[in-house]
Structures are given as C-alpha cells and as structure tokens.
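The next block is run.txt, given as compact mmCIF, C-alpha atoms.
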# COMPACT_ATOMS: atom_id res chain seq x y z
CA MET A 1 -49.11 67.56 8.87
CA PRO A 2 -51.90 68.01 11.46
CA LYS A 3 -55.30 66.68 10.45
CA GLU A 4 -57.02 69.98 11.07
CA ASP A 5 -54.73 71.68 8.53
CA GLN A 6 -55.54 69.02 5.96
CA LYS A 7 -59.24 69.60 6.34
CA THR A 8 -59.24 73.36 6.23
CA ASP A 9 -56.41 74.38 3.93
CA SER A 10 -54.63 71.53 2.20
CA LYS A 11 -54.19 72.85 -1.33
CA PRO A 12 -50.78 73.89 -2.66
CA GLY A 13 -50.64 77.65 -2.53
CA SER A 14 -51.95 78.08 1.02
CA SER A 15 -49.45 79.32 3.58
CA LYS A 16 -50.54 76.87 6.29
CA TRP A 17 -50.08 73.94 3.93
CA TYR A 18 -46.53 75.05 3.17
CA LEU A 19 -45.69 75.58 6.83
CA GLY A 20 -46.94 72.15 7.83
CA SER A 21 -45.43 70.23 4.92
CA ALA A 22 -42.08 72.00 4.96
CA ALA A 23 -41.71 71.35 8.67
CA ALA A 24 -42.35 67.67 8.03
CA LEU A 25 -39.55 67.70 5.49
CA LEU A 26 -36.86 68.59 8.01
CA LEU A 27 -34.45 65.74 8.54
CA LEU A 28 -32.04 64.60 11.26
CA LYS A 29 -28.73 63.90 9.57
CA GLY A 30 -28.02 60.34 10.66
CA LYS A 31 -25.65 57.83 9.15
CA SER A 32 -27.92 54.87 9.80
CA LEU A 33 -30.30 55.92 7.00
CA LEU A 34 -27.57 55.29 4.43
CA ALA A 35 -28.02 51.58 4.99
CA LEU A 36 -31.38 51.81 3.19
CA LEU A 37 -29.73 52.21 -0.21
CA LYS A 38 -26.32 50.79 -1.15
CA PHE A 39 -26.72 50.00 -4.81
CA SER A 40 -24.02 52.27 -6.20
CA LYS A 41 -22.59 55.74 -5.77
CA PHE A 42 -25.43 57.38 -7.70
CA GLY A 43 -27.94 54.52 -7.92
CA GLY A 44 -29.14 54.99 -4.35
CA ALA A 45 -29.66 58.71 -4.88
CA LEU A 46 -31.64 58.19 -8.10
CA ILE A 47 -33.78 55.42 -6.68
CA SER A 48 -34.53 57.30 -3.47
CA MET A 49 -35.34 60.41 -5.52
CA ALA A 50 -37.77 58.45 -7.70
CA ALA A 51 -39.37 56.84 -4.66
CA THR A 52 -39.80 60.22 -2.98
CA ILE A 53 -41.37 61.73 -6.10
CA GLY A 54 -43.76 58.78 -6.28
CA ALA A 55 -44.72 59.16 -2.61
CA TYR A 56 -45.49 62.88 -3.00
CA ALA A 57 -47.39 62.24 -6.24
CA ILE A 58 -49.87 60.09 -4.33
CA ILE A 59 -51.05 63.21 -2.49
CA TYR A 60 -50.05 66.12 -4.74
CA PRO A 61 -49.85 66.70 -8.51
CA TRP A 62 -46.91 65.14 -10.33
CA GLY A 63 -45.54 68.52 -11.35
CA PHE A 64 -45.38 69.68 -7.75
CA ALA A 65 -43.84 66.39 -6.58
CA VAL A 66 -41.08 66.52 -9.20
CA GLY A 67 -40.40 70.22 -8.64
CA PHE A 68 -40.23 69.91 -4.89
CA VAL A 69 -37.79 67.00 -4.94
CA LEU A 70 -35.61 68.90 -7.41
CA LEU A 71 -35.56 71.87 -5.01
CA LEU A 72 -34.42 69.53 -2.23
CA PHE A 73 -31.77 68.17 -4.58
CA VAL A 74 -30.43 71.65 -5.34
CA HIS A 75 -30.28 72.43 -1.61
CA GLU A 76 -28.25 69.29 -0.90
CA LEU A 77 -25.97 69.98 -3.86
CA GLY A 78 -25.11 73.25 -2.14
CA HIS A 79 -23.78 71.29 0.83
CA VAL A 80 -21.88 68.93 -1.49
CA TRP A 81 -20.31 71.86 -3.36
CA ALA A 82 -19.27 73.62 -0.14
CA ALA A 83 -17.87 70.41 1.38
CA LYS A 84 -15.84 69.66 -1.74
CA ARG A 85 -14.39 73.16 -1.67
CA LYS A 86 -13.17 72.43 1.87
CA GLY A 87 -11.80 69.03 0.88
CA LEU A 88 -14.37 67.07 2.88
CA PRO A 89 -15.60 63.80 1.35
CA VAL A 90 -19.40 63.49 1.36
CA SER A 91 -22.00 60.98 0.29
CA THR A 92 -24.43 61.51 -2.57
CA PRO A 93 -27.84 62.94 -1.54
CA LEU A 94 -30.33 60.46 -0.13
CA PHE A 95 -34.07 61.23 -0.22
CA ILE A 96 -36.60 60.04 2.37
CA PRO A 97 -40.31 60.42 1.48
CA PHE A 98 -42.10 63.05 3.62
CA LEU A 99 -38.90 63.81 5.52
CA GLY A 100 -36.53 65.40 3.05
CA ALA A 101 -32.98 64.70 1.92
CA LEU A 102 -29.54 64.38 3.46
CA ILE A 103 -25.88 63.99 2.78
CA THR A 104 -23.35 62.71 5.26
CA MET A 105 -19.78 63.90 5.67
CA LYS A 106 -17.32 61.01 5.83
CA ARG A 107 -14.99 63.18 7.87
CA HIS A 108 -15.96 65.80 10.43
CA PRO A 109 -14.86 69.44 10.03
CA LEU A 110 -11.86 70.45 12.12
CA ASP A 111 -13.27 73.84 13.14
CA ALA A 112 -16.50 75.80 13.43
CA GLN A 113 -15.86 78.00 10.42
CA THR A 114 -15.60 74.96 8.15
CA GLU A 115 -18.79 73.51 9.63
CA ALA A 116 -20.58 76.83 9.07
CA TYR A 117 -19.25 77.12 5.51
CA VAL A 118 -20.61 73.69 4.56
CA ALA A 119 -23.93 74.43 6.29
CA MET A 120 -24.28 77.75 4.48
CA GLY A 121 -23.87 76.12 1.09
CA GLY A 122 -27.27 74.41 1.22
CA PRO A 123 -29.49 77.46 1.87
CA LEU A 124 -27.44 79.60 -0.52
CA LEU A 125 -27.74 77.30 -3.53
CA GLY A 126 -31.26 76.35 -2.45
CA THR A 127 -32.22 80.03 -2.56
CA VAL A 128 -30.73 80.33 -6.04
CA GLY A 129 -32.85 77.36 -7.10
CA ALA A 130 -36.00 78.87 -5.62
CA MET A 131 -35.21 82.19 -7.35
CA ALA A 132 -34.93 80.36 -10.69
CA VAL A 133 -38.36 78.82 -10.09
CA TYR A 134 -39.75 82.24 -9.15
CA ALA A 135 -38.33 83.74 -12.34
CA GLY A 136 -40.07 81.01 -14.34
CA ALA A 137 -43.31 81.64 -12.45
CA TYR A 138 -43.10 85.37 -13.09
CA ALA A 139 -42.45 84.82 -16.80
CA THR A 140 -45.25 82.28 -17.29
CA ASP A 141 -47.66 83.34 -14.52
CA SER A 142 -47.81 79.68 -13.48
CA PRO A 143 -49.60 78.93 -10.18
CA LEU A 144 -47.61 75.69 -9.89
CA LEU A 145 -44.27 77.46 -10.18
CA TYR A 146 -45.35 80.15 -7.72
CA ALA A 147 -46.30 77.39 -5.26
CA LEU A 148 -42.93 75.69 -5.72
CA ALA A 149 -41.05 78.98 -5.34
CA TYR A 150 -42.86 79.75 -2.09
CA VAL A 151 -42.20 76.37 -0.52
CA GLY A 152 -38.59 76.52 -1.75
CA PHE A 153 -38.01 79.84 -0.01
CA PHE A 154 -39.70 78.61 3.14
CA LEU A 155 -37.77 75.34 3.24
CA ASN A 156 -34.46 77.22 3.09
CA LEU A 157 -35.66 79.75 5.67
CA ILE A 158 -36.73 77.19 8.24
CA ASN A 159 -33.39 75.43 7.79
CA LEU A 160 -31.76 78.65 9.01
CA LEU A 161 -33.30 78.35 12.46
CA PRO A 162 -30.39 78.21 14.97
CA ILE A 163 -31.21 74.65 16.04
CA HIS A 164 -28.98 71.63 15.56
CA PRO A 165 -28.96 69.71 13.28
CA LEU A 166 -30.55 72.30 10.99
CA ASP A 167 -28.22 74.41 8.89
CA GLY A 168 -28.79 77.48 11.07
CA GLY A 169 -27.62 75.59 14.13
CA ARG A 170 -24.36 74.76 12.39
CA ILE A 171 -23.86 78.27 11.01
CA SER A 172 -24.34 79.60 14.55
CA THR A 173 -21.15 77.84 15.63
CA ALA A 174 -19.15 80.39 13.62
CA VAL A 175 -21.27 83.42 14.63
CA THR A 176 -22.03 82.94 18.32
CA ARG A 177 -23.30 79.97 20.28
CA TRP A 178 -25.69 82.32 22.05
CA LEU A 179 -27.86 81.93 18.95
CA TRP A 180 -28.56 78.40 20.18
CA LEU A 181 -30.39 79.96 23.11
CA VAL A 182 -32.44 81.99 20.61
CA GLY A 183 -33.22 78.75 18.79
CA LEU A 184 -34.12 77.01 22.03
CA LEU A 185 -36.67 79.68 22.96
CA GLY A 186 -37.79 80.56 19.44
CA GLY A 187 -38.26 76.89 18.63
CA ILE A 188 -41.13 76.72 21.10
CA VAL A 189 -42.93 79.48 19.18
CA VAL A 190 -42.33 77.67 15.88
CA ILE A 191 -43.63 74.39 17.33
CA VAL A 192 -46.84 76.06 18.50
CA TYR A 193 -47.32 77.78 15.14
CA LEU A 194 -46.52 74.75 12.97
CA LYS A 195 -48.19 72.18 15.24
CA SER A 196 -45.54 69.75 14.01
CA ILE A 197 -44.66 66.66 16.03
CA LEU A 198 -41.55 66.13 13.91
CA PHE A 199 -40.28 69.63 14.56
CA PHE A 200 -40.95 69.14 18.29
CA PHE A 201 -38.84 65.98 18.14
CA ILE A 202 -35.98 67.88 16.50
CA TRP A 203 -36.23 70.68 19.06
CA ALA A 204 -36.32 68.21 21.97
CA LEU A 205 -33.15 66.47 20.78
CA PHE A 206 -31.47 69.85 20.39
CA ALA A 207 -32.51 70.88 23.92
CA TYR A 208 -31.21 67.61 25.38
CA ASP A 209 -27.92 68.02 23.51
CA LEU A 210 -27.48 71.50 25.01
CA TYR A 211 -28.21 70.07 28.45
CA LYS A 212 -25.51 67.44 28.01
CA LYS A 213 -22.96 69.94 26.73
CA TYR A 214 -23.42 72.82 29.14
CA VAL A 215 -25.26 71.55 32.21
CA LYS A 216 -24.22 67.97 32.72
CA ARG A 217 -20.61 68.66 31.77
CA ASN A 218 -20.37 71.54 34.25
CA LYS A 219 -21.58 69.20 36.97
CA GLY A 220 -18.70 66.87 36.18
CA GLU A 221 -21.02 64.10 35.04
CA ALA A 222 -18.96 62.82 32.13
CA LYS A 223 -20.90 60.01 30.50
CA VAL A 224 -19.01 56.97 29.27
CA LEU A 225 -20.27 55.81 25.88
CA SER A 226 -19.45 52.60 24.07
CA PHE A 227 -19.64 51.04 20.65
CA THR A 228 -19.05 47.52 19.38
CA GLN A 229 -17.02 46.27 16.45
CA LYS A 230 -17.20 42.70 15.17
CA PRO A 231 -14.03 41.88 13.21
CA LEU A 232 -13.78 38.52 11.49
CA ILE A 233 -10.39 36.82 11.80
CA ASP A 234 -9.00 33.69 10.19
CA VAL A 235 -7.69 31.14 12.74
CA GLN A 236 -7.42 28.14 10.43
CA HIS A 237 -3.72 27.72 11.19
CA LEU A 238 -4.40 27.72 14.95
CA TYR A 239 -7.29 25.29 14.54
CA GLU A 240 -5.14 22.87 12.53
CA GLN A 241 -2.43 23.01 15.21
CA GLY A 242 -4.99 22.14 17.90
CA TYR A 243 -4.50 25.49 19.61
CA PRO A 244 -7.18 26.09 22.26
CA LEU A 245 -9.53 28.75 20.89
CA PRO A 246 -11.61 31.00 23.18
CA GLY A 247 -15.19 29.93 23.76
CA PRO A 248 -18.38 31.93 23.00
CA GLU A 249 -18.57 33.37 26.54
CA HIS A 250 -14.92 34.37 26.69
CA THR A 251 -14.43 37.94 27.93
CA ARG A 252 -11.31 39.86 28.79
CA ARG A 253 -9.84 43.35 28.77
CA LEU A 254 -7.79 44.14 25.67
CA SER A 255 -4.73 46.32 25.39
CA PHE A 256 -5.14 49.20 22.95
CA ASN A 257 -3.50 52.20 21.34
CA THR A 258 -5.27 55.29 20.02
CA TYR A 259 -4.12 57.99 17.62
CA SER A 260 -5.41 60.64 15.21
CA ASP A 261 -4.35 61.30 11.63
CA LEU A 262 -3.50 64.72 10.22
CA GLU A 263 -7.13 65.25 9.22
CA GLY A 264 -8.36 64.84 12.80
CA GLN A 265 -9.90 61.37 12.45
CA GLN A 266 -9.24 59.29 15.55
CA TYR A 267 -8.58 55.55 15.52
CA VAL A 268 -8.09 52.85 18.13
CA THR A 269 -6.05 49.68 17.65
CA VAL A 270 -6.83 46.73 19.93
CA TYR A 271 -4.56 43.76 20.55
CA MET A 272 -5.31 40.17 21.51
CA GLU A 273 -1.87 38.63 21.97
CA SER A 274 -3.07 35.05 22.48
CA LEU A 275 -4.45 34.96 18.92
CA ASP A 276 -1.86 37.34 17.48
CA VAL A 277 -4.71 39.71 16.58
CA GLU A 278 -4.34 43.41 15.86
CA GLN A 279 -7.45 45.29 14.71
CA THR A 280 -7.85 49.02 14.02
CA PHE A 281 -11.24 50.76 14.23
CA MET A 282 -12.35 54.26 13.32
CA LEU A 283 -13.80 56.09 16.31
CA PRO A 284 -17.12 57.94 15.84
CA GLN A 285 -15.70 61.20 17.24
CA GLN A 286 -12.75 62.70 19.07
CA CYS A 287 -12.77 61.09 22.49
CA LEU A 288 -10.84 59.76 25.47
CA VAL A 289 -10.74 55.97 25.19
CA GLN A 290 -11.26 54.35 28.59
CA HIS A 291 -11.24 50.60 28.00
CA ALA A 292 -11.28 47.98 25.26
CA TRP A 293 -13.01 44.67 25.91
CA LEU A 294 -13.55 41.30 24.29
CA ASN A 295 -17.21 40.61 25.06
CA GLY A 296 -17.61 37.24 23.39
CA VAL A 297 -16.52 35.09 20.45
CA GLU A 298 -18.55 33.57 17.66
CA HIS A 299 -17.09 30.46 15.96
CA ILE A 300 -17.67 30.29 12.19
CA PRO A 301 -16.28 27.06 10.68
CA THR A 302 -16.51 26.76 6.88
CA PRO A 303 -15.22 24.15 4.42
CA ASP A 304 -12.30 26.40 3.49
CA ALA A 305 -11.43 28.16 6.73
CA TYR A 306 -12.08 28.41 10.43
CA GLN A 307 -12.96 31.94 11.50
CA LEU A 308 -13.79 33.76 14.70
CA ARG A 309 -15.99 36.82 15.00
CA LEU A 310 -14.73 38.90 17.91
CA LEU A 311 -17.15 41.14 19.78
CA CYS A 312 -14.90 44.07 20.67
CA GLY A 313 -16.35 46.81 22.87
CA ILE A 314 -14.76 50.25 23.17
CA ASP A 315 -15.65 52.49 26.12
CA TYR A 316 -14.95 56.20 25.63
CA ILE A 317 -15.77 59.70 26.86
CA PRO A 318 -16.52 62.27 24.11
CA TYR A 319 -13.94 65.05 23.94
CA GLU A 320 -15.28 68.57 23.56
CA ASN A 321 -12.56 70.77 22.08
CA ASP A 322 -13.37 74.37 23.01
CA LYS A 323 -10.81 75.60 20.47
CA TYR A 324 -13.14 74.22 17.79
CA TYR A 325 -15.31 77.32 18.27
CA GLU A 326 -12.46 79.83 18.04
CA VAL A 327 -13.25 81.87 14.92
CA PRO A 328 -11.58 85.17 13.96
CA ALA A 329 -13.80 88.19 14.62
CA SER A 330 -13.76 89.22 10.97
CA LEU A 331 -15.12 85.82 9.93
CA ARG A 332 -17.75 85.92 12.66
CA TRP A 333 -19.01 89.20 11.23
CA LYS A 334 -19.02 87.84 7.69
CA PHE A 335 -20.96 84.73 8.67
CA GLY A 336 -23.33 86.78 10.84
CA ILE A 337 -24.09 89.33 8.11
CA GLY A 338 -24.50 86.59 5.51
CA TYR A 339 -26.74 84.55 7.82
CA LEU A 340 -29.00 87.47 8.73
CA GLY A 341 -29.05 88.83 5.19
CA LEU A 342 -30.07 85.49 3.72
CA ALA A 343 -32.83 85.04 6.30
CA LEU A 344 -34.24 88.52 5.60
CA PHE A 345 -34.06 87.96 1.85
CA LEU A 346 -35.95 84.67 2.13
CA MET A 347 -38.66 86.27 4.27
CA GLY A 348 -38.95 89.09 1.75
CA MET A 349 -39.27 86.68 -1.17
CA MET A 350 -41.91 84.66 0.68
CA TYR A 351 -43.94 87.84 1.07
CA VAL A 352 -43.51 88.73 -2.62
CA VAL A 353 -44.49 85.26 -3.82
CA HIS A 354 -47.46 85.19 -1.45
CA GLN A 355 -48.71 88.42 -3.01
CA HIS A 356 -48.41 86.90 -6.48
CA ILE A 357 -50.30 83.80 -5.37
CA GLY A 358 -53.10 86.02 -4.05
CA ASP A 359 -53.25 87.89 -7.35
CA VAL A 360 -53.45 84.62 -9.31
CA ARG A 361 -56.33 83.40 -7.13
CA LEU A 362 -58.29 86.61 -7.71
CA ARG A 363 -58.22 86.19 -11.49

Entire entry expressed as structure tokens:
Amino acid sequence: MPKEDQKTDSKPGSSKWYLGSAAALLLLKGKSLLALLKFSKFGGALISMAATIGAYAIIYPWGFAVGFVLLLFVHELGHVWAAKRKGLPVSTPLFIPFLGALITMKRHPLDAQTEAYVAMGGPLLGTVGAMAVYAGAYATDSPLLYALAYVGFFLNLINLLPIHPLDGGRISTAVTRWLWLVGLLGGIVVIVYLKSILFFFIWALFAYDLYKKYVKRNKGEAKVLSFTQKPLIDVQHLYEQGYPLPGPEHTRRLSFNTYSDLEGQQYVTVYMESLDVEQTFMLPQQCLVQHAWLNGVEHIPTPDAYQLRLLCGIDYIPYENDKYYEVPASLRWKFGIGYLGLALFLMGMMYVVHQHIGDVRLR
C-alpha cells in the first residue's frame, strides 16, 4: 500500500484503505509457491492460514485479520467446489501474507468453458460469504463486520477484472477474448487509481502474455522453451560388471516419444539405450517437443547402491489450440450475463455498505 495512503487514510472503513490493501492481496497463481508448505494435505493450508492471520494482526485488529482470511478462504473454496464438479483435481488453499490465497489445478482444463466455470466459482461463493458478513453487520450494526463486508465485496469485484491470471481474465475466455483488450486498457486506469506496484506487475505480465500470443506468434517467432528433469537411476549392476559409465560432462541427444492421455495431459518418454534407461516426464503444457538432451551426469555412490542422476533437458514449442476457445453461443451468453450481473451486484453492494459505514461514523 502506498505510504501516502497510510498516512492520510489507513483505518479500516476508509475506501482508499480497502482499495490499496485489496489490490495488494491479488496473487499470481504459480506452482512454485506450493513448495513453501508440504507438511500434509491440510496441514500446509492451516499453517499458512494461521501465519497470514498473524501477519495481518500485526497491523490490524485480530477480528479483522481473522475475518479477512476467512473471506479469502471462502473465495478459494468456491474454486475448489467448481473444479471438483468438473472432475479436476486441485490442491488445498495456500495463504501468503499480504498477497492472498491460491489453489493450483493438477490438471489443466480441456476447454475455455471449463476454465471459466472454475474461475467463476471463486467470486460467486466469495460474494455469498461477503453477503453473510453483511447480514451479520446489518443485524448487529457492527463497524468491524461492515468493514469486512466492504473489503469482501471489493476483493471479489477486482478479481473480475478481465486480466489474466485474475478470475475475470479466465471467465473472459468463455465470453469473448476481446474483453482482454478492455482489461489491458482499463488496467491502466486501475493502476493509476490504486497506485499499486503489485497490480502494475500483474498487468505488465498480462500485457506481455498478450504480446507473445497475438503479436509474436503472428510474426512467426515461435519461441523454443525448455525444462530440465533430473531422474535418479540405479546402475549398481553395471558398476559391478565394470561397464563404462558416462562421465559428468557427458552430453548427447536422446531419442524420445511423446503422447497425451484421455484427459489431455501430455507426457514425453526419453530413452538412453546404452544404460537401458527409459524415463517418462509430465510436460508442463500441450506442446510440440523438439529435442531431448542429456546435459550431464552426476555420480552418486552409496554403501548400498551406485546411482546416476541424469540431467535431461526437453526443448519444446508451446501449442496454442484455437479450438480451446470454441464455446457454444448459448454458453457465451450465460457466462457473459452472469459475469456482468455479478460485477454490477458487487458494485451495488459496495455502495450500500459504504453508506452504512458513513452512517455508523456519524453516530
């Protein structure tokens, strides 16, 4: 949150405070963050939730910290619920202090309408959660609950901006991708209004992604990407037979085979005939595999076995399936009406709650 906002209007209940803090709670959905917590299926979620509550409680009252994290939790549960209904395996929610919360899908959707359905689940259930808080605020006339309701409505509203990786950017895939242009231009206005470096970072990544998809690709500049896998193989039997093992600097091209399962997940199997090695790796996305390489070998002798760690590199070109975005017109209308209706409802509820907050302050 900008320093000038902290000085002039930093109390819960002020609209500028909500705008700045909610923008800072937007999160890029990246798999690498899951490495932070691997205690158990639910242990990581509970520990990260407790840590996030503690971090917010340093700055804000405990009641607000707990309530806000619970609102984030309800939003993420909406994504979990929608993903489960579509048969997509997902992780438990993970909370990051001052950034927000995330879940990751262990398998990508096969079409835009599924992606939009899962994305819509978060703001929908999140809005229900914020409405429950508003009902409690209305019944008890609690300033704290009014503050939580306002920030809950705003958090779900800003997630509807048509910018990847926000929920609105994913819902747009099933409505019309022209909404991404609206997000690209409208995002500049939001950045200026929020004065948020984090939101600028999100917008910049979104703009660069659009450039890669629609400008660079049209120029025929297909970029070759690569990733490395490091399988560990047992070569004790070869070592005992005195078979010459490859040295640390050994490199060579590997033969490979690639395929996809019925759920659309692509795999590549690499072969190293000299060691009778066959290893299968999951590819990060649908792609055209160009080459497979052995980029080095690490020798790991132990008292019980002799092992080699192979540094296998896979070069690939991402495959953009245009049929992914083919959605029946009736569904486009349903998603579009639902998307617009939810955004208008959230804006209306923000106005209503803001009026209540003003009334409470005047008493």

*Using all atoms listed in the file: which of A:Met120, A:Ala55, A:Leu148, A:Leu288 has the shortest distance to A:Phe68*: A:Leu148

*Please provide the set of residues having any atom within 10 Å of A:Gly264, restricted to all atoms listed in the file, with same-chain residues fewer than 6 positions apart removed, written as a VMD selection string.*
chain A and resid 107 to 110 285 to 286

*Within 9 Å of stretch 325-338 of chain A, counting all atoms listed in the file, which residues qualify if same-chain residues fewer than 3 places away don't, as a PyMOL selection string?*
chain A and resi 111-113+116-117+120+171-177+321-322+341-343

*Spatial neighbours of A:Arg85, max dist 12 Å, all atoms listed in the file, sep filter under 5 positions, as a VMD selection string*: chain A and resid 78 to 80 90 114 117 to 118 121

*Expressed in Å to a single decimal, how great is the separation between atom CA of A:Leu210 and atom CA of A:Leu344?*
26.7 Å

*Of the candidates A:Ala149, A:Ala204, A:Val189, A:Val133, which one gets nearest to A:His164 if we count only C-alpha atoms?*
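Comparing A:Ala149, A:Ala204, A:Val189, A:Val133 against A:His164, the winner is A:Ala204.
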
_So that I can see what lies close to A:Leu125, please list as an MDAnalysis selection string the residues with an atom at most 10 Å from it, counting all atoms listed in the file and leaving out residues fewer than 5 positions away in the same chain._
chainID A and resid 71 74:79 81:82 120 130:131 156

*Which one of A:Thr251, A:Tyr56, A:Val289, A:Val235 sits closest to A:Leu275 if you count only C-alpha atoms?*
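Closest to A:Leu275 of all the choices is A:Val235.
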
_Given only C-alpha atoms as the counted atoms, nearest of A:Tyr306, A:Tyr239, A:Tyr339, A:Tyr316 to A:Gln266_ = A:Tyr316

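For the pair atom CA of A:Phe200 and atom CA of A:Val151, the separation is 20.2 Å.
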
*Find the residue from A:Leu145, A:Val192, A:Ala137, A:Ala119 that sits nearest to A:Gly169; use only C-alpha atoms when measuring.*
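For A:Gly169, the nearest of the candidates is A:Ala119.
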
_Point-to-point distance in Å for atom CA of A:Val277 and atom CA of A:Asp234_ = 9.8 Å

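Closest approach to A:Leu225 among A:His299, A:His356, A:His291, A:Arg309 is made by A:His291 (distances from all atoms listed in the file).
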
*So which residues touch A:Asp141 within 10 Å, counting all atoms listed in the file, skipping near sequence neighbours fewer than 6 positions away, as a list in words?*
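Near neighbours after the sequence-gap exclusion: Tyr134, Ala135, His356, Ile357 and Val360 of chain A.
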
*How would you write as an NGL selection string the residues that get within 6 Å of (-33.9, 68.9, 14.5) in the file's frame, counting all atoms listed in the file?*
:A and (28 or 164-166 or 202-203)
